[in-house]
>>> print(open('data_25.txt').read())   # compact mmCIF, C-alpha atoms
# COMPACT_ATOMS: atom_id res chain seq x y z
CA MET A 1 350.76 299.86 170.13
CA THR A 2 353.05 302.62 171.40
CA GLU A 3 352.03 306.16 172.22
CA LYS A 4 353.63 307.36 169.00
CA ASP A 5 351.40 305.00 167.01
CA ILE A 6 348.26 306.66 168.38
CA GLU A 7 347.23 309.36 165.94
CA LEU A 8 346.20 311.86 168.57
CA THR A 9 346.71 314.91 166.36
CA HIS A 10 344.70 313.36 163.50
CA LYS A 11 341.84 312.34 165.79
CA ILE A 12 341.67 315.84 167.25
CA ALA A 13 341.64 317.38 163.77
CA GLN A 14 338.85 315.02 162.71
CA PHE A 15 336.79 316.04 165.72
CA ILE A 16 337.28 319.74 164.95
CA VAL A 17 336.27 319.38 161.31
CA LYS A 18 333.39 316.91 161.70
CA THR A 19 331.63 318.51 164.68
CA ASP A 20 328.64 320.48 163.41
CA LEU A 21 326.86 323.26 165.24
CA GLY A 22 323.87 320.95 165.56
CA ASP A 23 326.00 318.43 167.49
CA ILE A 24 326.37 320.90 170.35
CA PRO A 25 323.51 321.02 172.89
CA GLN A 26 321.96 324.36 173.77
CA PRO A 27 323.13 324.35 177.42
CA ALA A 28 326.73 324.33 176.17
CA PHE A 29 326.05 327.51 174.18
CA GLU A 30 324.60 329.08 177.33
CA HIS A 31 327.76 328.25 179.26
CA ALA A 32 329.84 329.68 176.40
CA LYS A 33 327.90 332.95 176.67
CA VAL A 34 328.59 333.10 180.41
CA ALA A 35 332.28 332.54 179.67
CA LEU A 36 332.20 335.36 177.11
CA MET A 37 330.50 337.68 179.60
CA ASP A 38 333.17 336.91 182.18
CA TRP A 39 335.95 337.35 179.63
CA ILE A 40 334.75 340.78 178.50
CA ALA A 41 334.41 341.83 182.14
CA VAL A 42 337.97 340.95 183.07
CA THR A 43 339.33 342.39 179.81
CA LEU A 44 337.67 345.76 180.40
CA ALA A 45 339.06 345.79 183.94
CA GLY A 46 342.47 344.54 182.83
CA LYS A 47 342.91 347.19 180.16
CA GLU A 48 344.11 349.61 182.86
CA ASP A 49 347.12 347.46 183.71
CA PRO A 50 350.37 349.14 182.56
CA LEU A 51 351.42 346.10 180.51
CA VAL A 52 348.41 346.59 178.21
CA ALA A 53 349.38 350.16 177.33
CA LYS A 54 352.85 348.93 176.42
CA LEU A 55 351.36 346.35 174.04
CA VAL A 56 349.09 349.01 172.53
CA ASN A 57 352.16 351.18 171.98
CA TYR A 58 353.93 348.23 170.37
CA ALA A 59 350.97 347.67 168.04
CA GLY A 60 351.14 351.34 167.06
CA LEU A 61 354.81 350.94 166.16
CA MET A 62 354.02 347.89 164.02
CA GLY A 63 351.07 349.53 162.23
CA GLY A 64 348.78 347.51 160.00
CA ASN A 65 345.17 347.23 158.92
CA GLU A 66 342.38 348.29 161.27
CA GLN A 67 340.57 344.94 161.43
CA ALA A 68 339.48 344.34 165.02
CA ALA A 69 338.81 346.27 168.21
CA VAL A 70 341.25 346.68 171.05
CA ILE A 71 338.78 346.31 173.89
CA GLY A 72 338.22 349.46 175.90
CA PHE A 73 340.55 351.71 173.90
CA GLY A 74 338.26 352.91 171.12
CA ILE A 75 340.76 351.86 168.47
CA LYS A 76 341.23 349.05 166.00
CA THR A 77 344.36 347.26 164.91
CA ASN A 78 345.16 344.19 162.84
CA ILE A 79 343.68 340.94 164.15
CA SER A 80 347.06 339.57 165.21
CA GLN A 81 347.82 342.52 167.48
CA ALA A 82 344.21 342.64 168.72
CA ALA A 83 344.42 339.00 169.80
CA LEU A 84 347.72 339.65 171.59
CA ILE A 85 346.56 342.80 173.40
CA ASN A 86 343.11 341.56 174.37
CA GLY A 87 344.50 338.19 175.46
CA ALA A 88 347.08 339.81 177.72
CA ALA A 89 344.55 342.32 179.09
CA SER A 90 342.11 339.55 180.01
CA HIS A 91 344.75 337.70 182.03
CA ALA A 92 346.42 340.79 183.52
CA LEU A 93 344.39 340.80 186.73
CA ASP A 94 344.30 337.02 187.19
CA PHE A 95 340.54 337.40 187.44
CA ASP A 96 339.74 335.01 184.57
CA ASP A 97 338.32 331.49 184.57
CA THR A 98 340.11 328.18 185.13
CA LEU A 99 339.55 324.68 183.78
CA GLU A 100 340.87 321.87 185.97
CA ALA A 101 341.62 319.61 183.00
CA VAL A 102 344.00 322.23 181.61
CA ILE A 103 345.45 323.31 184.96
CA GLY A 104 345.20 326.75 183.49
CA HIS A 105 343.06 329.51 182.02
CA PRO A 106 341.72 328.53 178.59
CA THR A 107 339.23 331.31 177.80
CA VAL A 108 341.89 334.02 177.68
CA THR A 109 343.59 332.13 174.85
CA LEU A 110 340.37 331.51 172.90
CA TYR A 111 338.04 334.50 172.82
CA PRO A 112 340.76 337.08 172.02
CA ALA A 113 341.59 335.27 168.78
CA LEU A 114 338.06 334.17 167.89
CA LEU A 115 336.47 337.58 168.45
CA ALA A 116 339.13 339.33 166.39
CA LEU A 117 338.64 336.85 163.56
CA ALA A 118 334.84 336.94 163.82
CA GLU A 119 334.75 340.73 163.80
CA TRP A 120 337.03 340.90 160.77
CA LYS A 121 335.23 338.22 158.75
CA GLY A 122 331.69 338.89 159.98
CA PHE A 123 330.97 335.47 161.47
CA SER A 124 327.72 334.79 163.32
CA GLY A 125 327.34 334.60 167.07
CA GLN A 126 326.57 330.89 166.94
CA GLU A 127 329.70 330.22 164.85
CA LEU A 128 331.76 332.14 167.39
CA LEU A 129 330.34 330.26 170.37
CA ALA A 130 330.67 326.85 168.70
CA SER A 131 334.30 327.53 167.79
CA TYR A 132 334.95 328.53 171.39
CA LEU A 133 333.41 325.30 172.70
CA ILE A 134 335.45 323.20 170.26
CA GLY A 135 338.67 325.03 171.17
CA LEU A 136 337.88 324.51 174.85
CA LYS A 137 337.34 320.79 174.23
CA ILE A 138 340.76 320.50 172.57
CA ALA A 139 342.37 322.40 175.45
CA ALA A 140 340.89 319.85 177.86
CA VAL A 141 342.06 316.85 175.82
CA VAL A 142 345.61 318.17 175.42
CA GLY A 143 345.57 319.15 179.09
CA GLN A 144 344.66 315.62 180.12
CA CYS A 145 347.61 314.38 178.09
CA GLY A 146 350.04 316.97 179.38
CA GLY A 147 348.71 316.51 182.87
CA MET A 148 350.28 317.38 186.16
CA GLU A 149 353.76 316.44 184.99
CA HIS A 150 353.68 319.15 182.33
CA TYR A 151 352.62 321.86 184.78
CA MET A 152 354.86 320.79 187.64
CA HIS A 153 357.89 320.69 185.38
CA GLY A 154 357.60 324.46 185.03
CA TRP A 155 355.38 324.98 181.99
CA HIS A 156 352.60 327.56 182.20
CA ALA A 157 349.76 325.52 180.73
CA THR A 158 347.74 328.62 179.87
CA GLY A 159 350.48 329.59 177.45
CA THR A 160 351.50 326.17 176.16
CA ILE A 161 348.17 324.35 175.85
CA GLY A 162 346.51 327.65 174.96
CA HIS A 163 348.29 327.55 171.60
CA PHE A 164 346.37 324.40 170.66
CA ALA A 165 343.07 325.79 171.98
CA SER A 166 343.37 328.94 169.88
CA ALA A 167 344.50 327.07 166.77
CA ALA A 168 341.64 324.59 167.10
CA GLY A 169 338.98 327.26 167.58
CA CYS A 170 340.28 329.45 164.76
CA SER A 171 340.57 326.45 162.43
CA LYS A 172 336.91 325.65 163.06
CA LEU A 173 335.82 329.25 162.58
CA LEU A 174 337.70 329.48 159.28
CA GLY A 175 336.27 326.16 158.09
CA LEU A 176 339.63 324.49 157.47
CA ASP A 177 339.68 320.92 156.17
CA GLU A 178 341.26 318.08 158.10
CA GLN A 179 344.76 318.38 156.64
CA GLN A 180 344.81 322.14 157.09
CA THR A 181 343.67 321.71 160.68
CA ILE A 182 346.45 319.18 161.33
CA TYR A 183 348.93 321.71 159.99
CA ALA A 184 347.42 324.50 162.09
CA LEU A 185 347.90 322.37 165.20
CA GLY A 186 351.45 321.60 164.07
CA ILE A 187 352.30 325.25 163.47
CA ALA A 188 350.84 326.21 166.84
CA GLY A 189 352.52 323.35 168.69
CA THR A 190 356.01 324.21 167.58
CA GLN A 191 355.52 327.73 168.96
CA ALA A 192 354.05 326.62 172.28
CA SER A 193 355.84 327.98 175.32
CA GLY A 194 355.35 329.81 178.60
CA LEU A 195 357.42 329.36 181.75
CA LYS A 196 356.15 329.51 185.33
CA SER A 197 359.25 331.47 186.30
CA ALA A 198 357.45 334.44 184.71
CA PHE A 199 354.68 334.39 187.34
CA GLY A 200 354.38 337.73 189.08
CA THR A 201 355.67 339.64 186.05
CA MET A 202 354.10 341.14 182.94
CA CYS A 203 355.04 338.01 181.04
CA LYS A 204 352.40 335.79 182.69
CA PRO A 205 349.48 337.61 181.00
CA PHE A 206 351.67 338.01 177.92
CA HIS A 207 351.64 334.19 177.66
CA ALA A 208 347.85 334.23 177.20
CA GLY A 209 348.02 336.91 174.52
CA LYS A 210 350.81 335.12 172.68
CA ALA A 211 348.87 331.85 172.72
CA ALA A 212 345.80 333.56 171.25
CA GLN A 213 347.90 335.36 168.64
CA ALA A 214 349.92 332.28 167.66
CA GLY A 215 346.86 330.06 167.31
CA LEU A 216 345.20 332.61 165.07
CA MET A 217 348.31 332.98 162.96
CA SER A 218 348.67 329.19 162.73
CA ALA A 219 345.15 328.76 161.37
CA LEU A 220 345.56 331.57 158.86
CA LEU A 221 348.89 330.17 157.62
CA ALA A 222 347.46 326.68 157.34
CA SER A 223 344.54 328.03 155.30
CA ASP A 224 347.13 329.24 152.79
CA GLY A 225 348.90 325.87 152.54
CA PHE A 226 351.62 326.48 155.13
CA THR A 227 352.67 323.08 156.47
CA GLY A 228 353.54 321.75 159.90
CA ALA A 229 354.19 318.44 161.60
CA ASP A 230 351.27 316.03 161.23
CA ASN A 231 351.87 314.43 164.63
CA ILE A 232 352.92 317.44 166.68
CA LEU A 233 351.38 316.11 169.89
CA GLU A 234 352.37 312.43 170.00
CA GLY A 235 355.34 312.26 167.61
CA THR A 236 359.01 311.79 168.39
CA PHE A 237 360.30 315.11 169.76
CA GLY A 238 356.70 316.32 169.72
CA PHE A 239 354.90 318.44 172.28
CA LEU A 240 354.13 315.68 174.79
CA GLU A 241 357.58 314.10 174.68
CA VAL A 242 359.53 317.33 174.92
CA LEU A 243 357.26 319.34 177.20
CA ASN A 244 356.57 316.56 179.70
CA GLY A 245 353.39 314.67 179.04
CA LYS A 246 352.09 311.47 177.47
CA VAL A 247 349.17 310.34 175.38
CA ASN A 248 346.12 309.70 177.51
CA LYS A 249 344.74 306.45 176.07
CA ASN A 250 341.22 307.66 176.98
CA PHE A 251 341.44 310.76 174.82
CA VAL A 252 338.76 309.49 172.41
CA GLU A 253 336.35 309.20 175.32
CA ALA A 254 337.38 312.69 176.37
CA LEU A 255 336.51 314.01 172.93
CA ASN A 256 333.05 312.52 173.28
CA ALA A 257 332.53 313.59 176.89
CA PRO A 258 330.12 316.38 177.90
CA TRP A 259 331.19 319.88 176.88
CA GLU A 260 333.72 321.37 179.29
CA ALA A 261 332.20 324.84 179.52
CA ALA A 262 330.03 323.64 182.40
CA ASP A 263 333.21 322.79 184.32
CA LEU A 264 334.75 326.25 183.99
CA ALA A 265 335.42 327.78 187.37
CA GLN A 266 334.97 331.53 187.15
CA LYS A 267 336.70 333.72 189.69
CA TYR A 268 335.12 335.91 192.32
CA HIS A 269 338.46 337.02 193.79
CA ALA A 270 341.02 338.86 191.63
CA SER A 271 343.92 336.54 192.41
CA CYS A 272 345.48 333.21 191.50
CA HIS A 273 342.94 330.39 191.73
CA ALA A 274 345.17 328.63 194.25
CA THR A 275 344.27 331.39 196.73
CA HIS A 276 340.51 330.87 196.43
CA SER A 277 339.96 327.72 198.50
CA PRO A 278 341.95 329.17 201.43
CA ILE A 279 339.94 332.41 201.20
CA GLU A 280 336.56 330.67 200.97
CA GLY A 281 337.35 328.11 203.65
CA THR A 282 338.64 330.64 206.15
CA LEU A 283 335.71 332.99 205.65
CA ALA A 284 333.31 330.07 206.03
CA ILE A 285 334.78 329.11 209.41
CA LEU A 286 334.42 332.67 210.71
CA GLU A 287 330.82 332.86 209.54
CA GLU A 288 329.78 329.42 210.78
CA GLU A 289 331.44 329.81 214.18
CA SER A 290 330.57 333.51 214.60
CA LEU A 291 334.22 334.41 215.20
CA ASN A 292 335.78 337.87 215.20
CA LEU A 293 339.24 338.77 213.96
CA ASP A 294 340.38 339.24 217.55
CA ASP A 295 339.47 335.59 218.20
CA ILE A 296 342.10 334.33 215.72
CA LYS A 297 345.40 333.15 217.16
CA SER A 298 346.69 331.34 214.07
CA ILE A 299 345.62 329.97 210.70
CA LYS A 300 347.38 326.95 209.27
CA LEU A 301 346.67 326.33 205.59
CA HIS A 302 347.37 322.88 204.16
CA VAL A 303 347.71 323.16 200.37
CA SER A 304 349.19 321.24 197.44
CA LYS A 305 352.68 321.61 196.06
CA LEU A 306 351.09 323.10 192.95
CA ALA A 307 349.40 325.77 195.07
CA LEU A 308 352.64 326.53 196.91
CA ASP A 309 354.55 326.84 193.65
CA ALA A 310 351.92 329.08 192.10
CA ALA A 311 350.83 331.20 195.07
CA GLY A 312 353.20 330.54 197.94
CA LYS A 313 354.75 334.01 198.17
CA THR A 314 354.93 334.91 201.85
CA ASP A 315 356.25 338.48 201.61
CA PRO A 316 354.91 340.14 198.46
CA GLN A 317 356.13 343.67 197.85
CA GLN A 318 354.11 344.58 194.75
CA GLY A 319 350.39 344.41 194.08
CA LEU A 320 350.93 341.94 191.25
CA ALA A 321 352.91 339.64 193.54
CA GLY A 322 350.07 339.83 196.07
CA LYS A 323 347.88 337.91 193.65
CA PHE A 324 350.24 334.97 194.11
CA SER A 325 350.39 335.10 197.90
CA ILE A 326 347.93 332.90 199.75
CA PRO A 327 348.75 334.55 203.12
CA TYR A 328 348.17 338.02 201.74
CA CYS A 329 344.94 337.05 200.00
CA VAL A 330 343.52 335.44 203.14
CA ALA A 331 344.61 338.34 205.36
CA ASN A 332 343.14 340.85 202.93
CA ALA A 333 339.83 338.96 202.77
CA LEU A 334 339.61 338.89 206.55
CA LEU A 335 340.66 342.47 207.26
CA ARG A 336 339.14 344.31 204.29
CA GLY A 337 336.52 342.04 202.75
CA ASN A 338 337.11 343.40 199.22
CA THR A 339 338.99 340.76 197.21
CA GLY A 340 338.52 342.48 193.85
CA THR A 341 341.04 344.44 191.84
CA PRO A 342 341.38 347.36 194.33
CA ALA A 343 343.01 344.97 196.83
CA PHE A 344 346.07 344.42 194.67
CA THR A 345 348.04 347.65 194.71
CA ASP A 346 351.55 348.14 196.05
CA LYS A 347 350.14 350.27 198.88
CA LYS A 348 347.55 347.69 199.91
CA VAL A 349 350.06 344.82 199.83
CA ASN A 350 352.49 346.72 202.04
CA ASP A 351 349.91 347.89 204.58
CA PRO A 352 351.55 347.32 208.04
CA LYS A 353 348.28 345.97 209.49
CA ILE A 354 348.11 343.35 206.75
CA LYS A 355 351.79 342.47 207.17
CA GLU A 356 351.28 342.00 210.90
CA PHE A 357 348.21 339.80 210.45
CA MET A 358 350.01 337.67 207.86
CA LYS A 359 352.35 336.52 210.64
CA LYS A 360 349.43 334.48 212.01
CA ILE A 361 349.11 332.56 208.73
CA SER A 362 351.33 329.62 207.81
CA LEU A 363 351.44 327.34 204.78
CA VAL A 364 351.94 323.58 204.93
CA LYS A 365 352.46 321.34 201.91
CA SER A 366 349.97 318.49 201.84
CA ASP A 367 350.57 315.39 199.74
CA LEU A 368 346.84 314.66 199.97
CA PHE A 369 346.04 317.55 197.63
CA LYS A 370 346.95 317.90 193.95
CA LEU A 371 345.42 321.15 192.72
CA VAL A 372 343.76 324.04 194.57
CA GLU A 373 342.16 322.20 197.49
CA ALA A 374 342.90 323.53 200.97
CA LYS A 375 342.45 322.40 204.55
CA ILE A 376 342.10 325.29 206.96
CA GLU A 377 342.98 324.87 210.63
CA LEU A 378 342.04 327.96 212.60
CA GLU A 379 343.06 328.18 216.25
CA THR A 380 341.39 330.73 218.48
CA THR A 381 342.93 332.70 221.33
CA GLY A 382 340.78 330.55 223.60
CA GLY A 383 342.51 327.38 222.41
CA LYS A 384 339.76 325.96 220.18
CA VAL A 385 340.70 324.60 216.75
CA TYR A 386 338.28 324.66 213.82
CA SER A 387 339.01 322.70 210.65
CA ARG A 388 337.49 322.79 207.17
CA THR A 389 338.46 321.42 203.73
CA THR A 390 337.45 323.44 200.68
CA ASP A 391 337.87 322.93 196.92
CA VAL A 392 336.50 325.70 194.72
CA MET A 393 336.99 323.53 191.62
CA LYS A 394 334.36 321.15 192.96
CA ASP A 395 331.98 323.86 194.18
CA ILE A 396 331.09 325.28 190.76
CA PRO A 397 327.57 326.75 190.81
CA PRO A 398 324.87 325.56 188.37
CA LEU A 399 324.29 327.49 185.15
CA GLU A 400 321.61 329.91 186.35
CA LYS A 401 323.50 330.79 189.53
CA LYS A 402 326.73 331.14 187.58
CA LYS A 403 324.99 333.40 185.05
CA GLU A 404 323.64 335.56 187.88
CA LYS A 405 327.07 335.92 189.52
CA ILE A 406 328.90 336.64 186.27
CA THR A 407 326.28 339.15 185.12
CA ALA A 408 326.88 341.03 188.37
CA LYS A 409 330.63 340.80 187.80
CA LEU A 410 330.33 342.26 184.30
CA LEU A 411 328.05 345.09 185.44
CA ASP A 412 330.53 345.90 188.21
CA LEU A 413 333.73 345.78 186.15
CA ALA A 414 332.27 347.38 183.01
CA ASP A 415 330.65 350.30 184.82
CA ALA A 416 333.71 352.54 184.79
CA TYR A 417 334.11 352.24 181.03
CA LEU A 418 330.58 351.72 179.71
CA GLY A 419 328.26 352.99 182.43
CA GLN A 420 325.39 350.92 183.82
CA LYS A 421 322.95 351.46 180.92
CA LYS A 422 325.38 350.41 178.21
CA ALA A 423 326.74 347.57 180.36
CA SER A 424 323.19 346.24 180.82
CA GLU A 425 322.63 346.41 177.05
CA LEU A 426 325.88 344.50 176.56
CA VAL A 427 324.56 341.72 178.82
CA GLU A 428 321.43 341.49 176.67
CA ILE A 429 323.47 341.29 173.47
CA ILE A 430 325.60 338.47 174.85
CA ASN A 431 322.56 336.56 176.11
CA SER A 432 321.10 336.56 172.59
CA LEU A 433 324.38 336.21 170.73
CA ASP A 434 323.57 332.80 169.29
CA GLN A 435 320.74 334.50 167.34
CA ALA A 436 323.01 337.19 165.82
CA ASP A 437 323.90 336.96 162.12
CA ASN A 438 327.26 338.56 162.88
CA ILE A 439 329.02 339.84 165.98
CA GLN A 440 329.53 343.41 164.78
CA LYS A 441 327.00 344.88 167.23
CA LEU A 442 328.81 343.16 170.11
CA ALA A 443 332.14 344.56 168.93
CA GLU A 444 330.71 348.08 168.79
CA TYR A 445 329.89 347.90 172.51
CA TYR A 446 333.32 346.98 173.82
CA SER A 447 335.50 348.82 171.29
>>> encode(input="data_25.txt", output="structure tokens")
Amino acid sequence: MTEKDIELTHKIAQFIVKTDLGDIPQPAFEHAKVALMDWIAVTLAGKEDPLVAKLVNYAGLMGGNEQAAVIGFGIKTNISQAALINGAASHALDFDDTLEAVIGHPTVTLYPALLALAEWKGFSGQELLASYLIGLKIAAVVGQCGGMEHYMHGWHATGTIGHFASAAGCSKLLGLDEQQTIYALGIAGTQASGLKSAFGTMCKPFHAGKAAQAGLMSALLASDGFTGADNILEGTFGFLEVLNGKVNKNFVEALNAPWEAADLAQKYHASCHATHSPIEGTLAILEEESLNLDDIKSIKLHVSKLALDAAGKTDPQQGLAGKFSIPYCVANALLRGNTGTPAFTDKKVNDPKIKEFMKKISLVKSDLFKLVEAKIELETTGGKVYSRTTDVMKDIPPLEKKKEKITAKLLDLADAYLGQKKASELVEIINSLDQADNIQKLAEYYS
């Protein structure tokens, strides 16, 4: 049996259609609520990025029905534009979650489309969360097929694989049948794109918004009988053949594996996830060895080729580029401590003290690492060398700790827009969302 004989697209569609809400364990819903809390937090913070205003202006030019909220702007637009704007806003700061199986950021391609659709149609909180979990599952399965080859060839997996995630989730939420779901995946797959050459520009977050928007459109078209390829993933000239991947023969087991929401790695630094292990590892050495900044002679960071490609900028000039600079992110963490959104302005990136300290930091490609792992070698002025290996993808906190950290993140990032009282009420609404008959009350809080 060849790869093209394996009906990957059909099996995925069957899973989407046949999975009932009762098949999903309660802990998975709890993880989905944490992911939603994190997503709203980064979207409210990201709405201030200039690229979001430009998309809002574009939506105004296009016009259309007022169907769903543009988060943080107090306006509504049609669900297609809402998915685009909110998706781009949530990825604008690179403060959103990552799933290792995708080698990308799945939530920013899912919740923007699902929330717009749920607000418009009045779906329940449990239906929303279940559709998210199913879309996340499909993102993981397609990611395992696309794999490292897909990402390293230059595709931005958030954008490409995100098309399938959004289409899968929206198909489930709309209650499409199996054939319609196959077509939705086909319509989404033929639109899938996103190039890593766009990193450091407004187009990187635009990829997330486009994936959300395209998946939503694909499901809506399929519901009206619009057709697409029925083997878009595994077929000749299909997604995996053309965009560098292959059918993972264990994909059926992957469909039946535990729900991926527990494996989501949320961010606690507002930069590319490839910068996080170097930040955490370096800070840990200083704390454990009771070192001061004056004690540091040099820091050698051993990272993967993927990390170098994604975040290997050594002389960033703009705040956005600083998010993709491991040396800057480490220097900033050491000198300032604040690794949130205020650290990534043009002025902060070009601070002479930071630039001078960055000269102590070097990057070395390690063939031992594949993703965002890092080995830190810190040499002191006294000649001692301290070494530590860190992998933030393996150090994901348990549910209750994750919920605590993300609640704090939402309260922090939402304060400027909502205030503490309303932000706290928003947390309560999200925590009980699976009991809500529709999500309208949630939408009223962030609109």
>>> closest_residue(input="data_25.txt", among="A:Phe251, A:Phe369, A:Trp259, A:Phe226", to="A:Ala274", atoms="only C-alpha atoms")
A:Phe369
>>> residues_around(input="data_25.txt", residues="stretch 319-327 of chain A", least_positions_apart="2", cutoff="8 Å", atoms="only C-alpha atoms", output="MDAnalysis selection string")
chainID A and resid 94 200:201 270:272 274:275 278 310:317 329:331 343:349 358 361:363
>>> closest_residue(input="data_25.txt", among="A:Ala214, A:Ile134, A:Ala157, A:Ile285", to="A:Leu99", atoms="all atoms listed in the file")
A:Ala157
>>> atom_distance(input="data_25.txt", atom1="atom CA of A:Asp20", atom2="atom CA of A:Ala116")
21.8 Å
>>> residues_around(input="data_25.txt", residues="A:Lys267", least_positions_apart="3", cutoff="8 Å", atoms="only C-alpha atoms", output="list in words")
Phe95, Asp96, Asp97, Thr98, Ala270 and His273 of chain A
>>> closest_residue(input="data_25.txt", among="A:Ala165, A:Ile279, A:Leu173, A:Val142", to="A:Trp120", atoms="only C-alpha atoms")
A:Leu173
>>> closest_atom_pairs(input="data_25.txt", of="stretch 35-154 of chain A", to="stretch 443-447 of chain A", cutoff="9 Å", atoms="only C-alpha atoms", output="tab-separated table")
residue	atom	partner	partner_atom	distance
A:Ile40	CA	A:Tyr446	CA	7.9
A:Leu44	CA	A:Tyr446	CA	8.0
A:Ala68	CA	A:Ala443	CA	8.3
A:Ala69	CA	A:Ser447	CA	5.2
A:Val70	CA	A:Ser447	CA	6.1
A:Ile71	CA	A:Ser447	CA	4.9
A:Gly72	CA	A:Ser447	CA	5.4
A:Phe73	CA	A:Ser447	CA	6.4
A:Gly74	CA	A:Ser447	CA	4.9
A:Ile75	CA	A:Ser447	CA	6.7
A:Lys76	CA	A:Ser447	CA	7.8
A:Leu115	CA	A:Ala443	CA	8.2
A:Glu119	CA	A:Ala443	CA	6.9
>>> build_atoms(input="data_25.txt", residues="stretch 240-258 of chain A", atoms="N, CA and C atoms", output="tab-separated table (two decimals), in the frame of the given file")
chain	number	residue	atom	x	y	z
A	240	LEU	N	354.27	316.46	173.55
A	240	LEU	CA	354.13	315.68	174.79
A	240	LEU	C	355.44	315.06	175.23
A	241	GLU	N	356.29	314.68	174.30
A	241	GLU	CA	357.58	314.10	174.68
A	241	GLU	C	358.52	315.16	175.21
A	242	VAL	N	358.56	316.30	174.57
A	242	VAL	CA	359.53	317.33	174.92
A	242	VAL	C	359.06	318.17	176.11
A	243	LEU	N	357.77	318.46	176.16
A	243	LEU	CA	357.26	319.34	177.20
A	243	LEU	C	356.56	318.57	178.32
A	244	ASN	N	356.97	317.33	178.52
A	244	ASN	CA	356.57	316.56	179.70
A	244	ASN	C	355.08	316.21	179.74
A	245	GLY	N	354.73	315.20	179.02
A	245	GLY	CA	353.39	314.67	179.04
A	245	GLY	C	353.37	313.32	178.35
A	246	LYS	N	352.22	312.74	178.19
A	246	LYS	CA	352.09	311.47	177.47
A	246	LYS	C	350.66	311.33	176.97
A	247	VAL	N	350.49	310.52	175.95
A	247	VAL	CA	349.17	310.34	175.38
A	247	VAL	C	348.26	309.67	176.40
A	248	ASN	N	347.14	310.30	176.66
A	248	ASN	CA	346.12	309.70	177.51
A	248	ASN	C	345.30	308.75	176.63
A	249	LYS	N	345.39	307.45	176.92
A	249	LYS	CA	344.74	306.45	176.07
A	249	LYS	C	343.21	306.64	176.02
A	250	ASN	N	342.67	307.43	176.94
A	250	ASN	CA	341.22	307.66	176.98
A	250	ASN	C	340.82	308.95	176.28
A	251	PHE	N	341.72	309.46	175.42
A	251	PHE	CA	341.44	310.76	174.82
A	251	PHE	C	340.22	310.73	173.90
A	252	VAL	N	339.94	309.58	173.27
A	252	VAL	CA	338.76	309.49	172.41
A	252	VAL	C	337.49	309.66	173.24
A	253	GLU	N	337.48	309.02	174.42
A	253	GLU	CA	336.35	309.20	175.32
A	253	GLU	C	336.24	310.66	175.77
A	254	ALA	N	337.39	311.28	175.97
A	254	ALA	CA	337.38	312.69	176.37
A	254	ALA	C	336.79	313.58	175.28
A	255	LEU	N	337.08	313.24	174.04
A	255	LEU	CA	336.51	314.01	172.93
A	255	LEU	C	334.99	313.89	172.88
A	256	ASN	N	334.49	312.76	173.32
A	256	ASN	CA	333.05	312.52	173.28
A	256	ASN	C	332.35	312.80	174.61
A	257	ALA	N	333.09	313.29	175.57
A	257	ALA	CA	332.53	313.59	176.89
A	257	ALA	C	331.69	314.86	176.83
A	258	PRO	N	330.90	315.14	177.87
A	258	PRO	CA	330.12	316.38	177.90
A	258	PRO	C	331.01	317.61	177.71
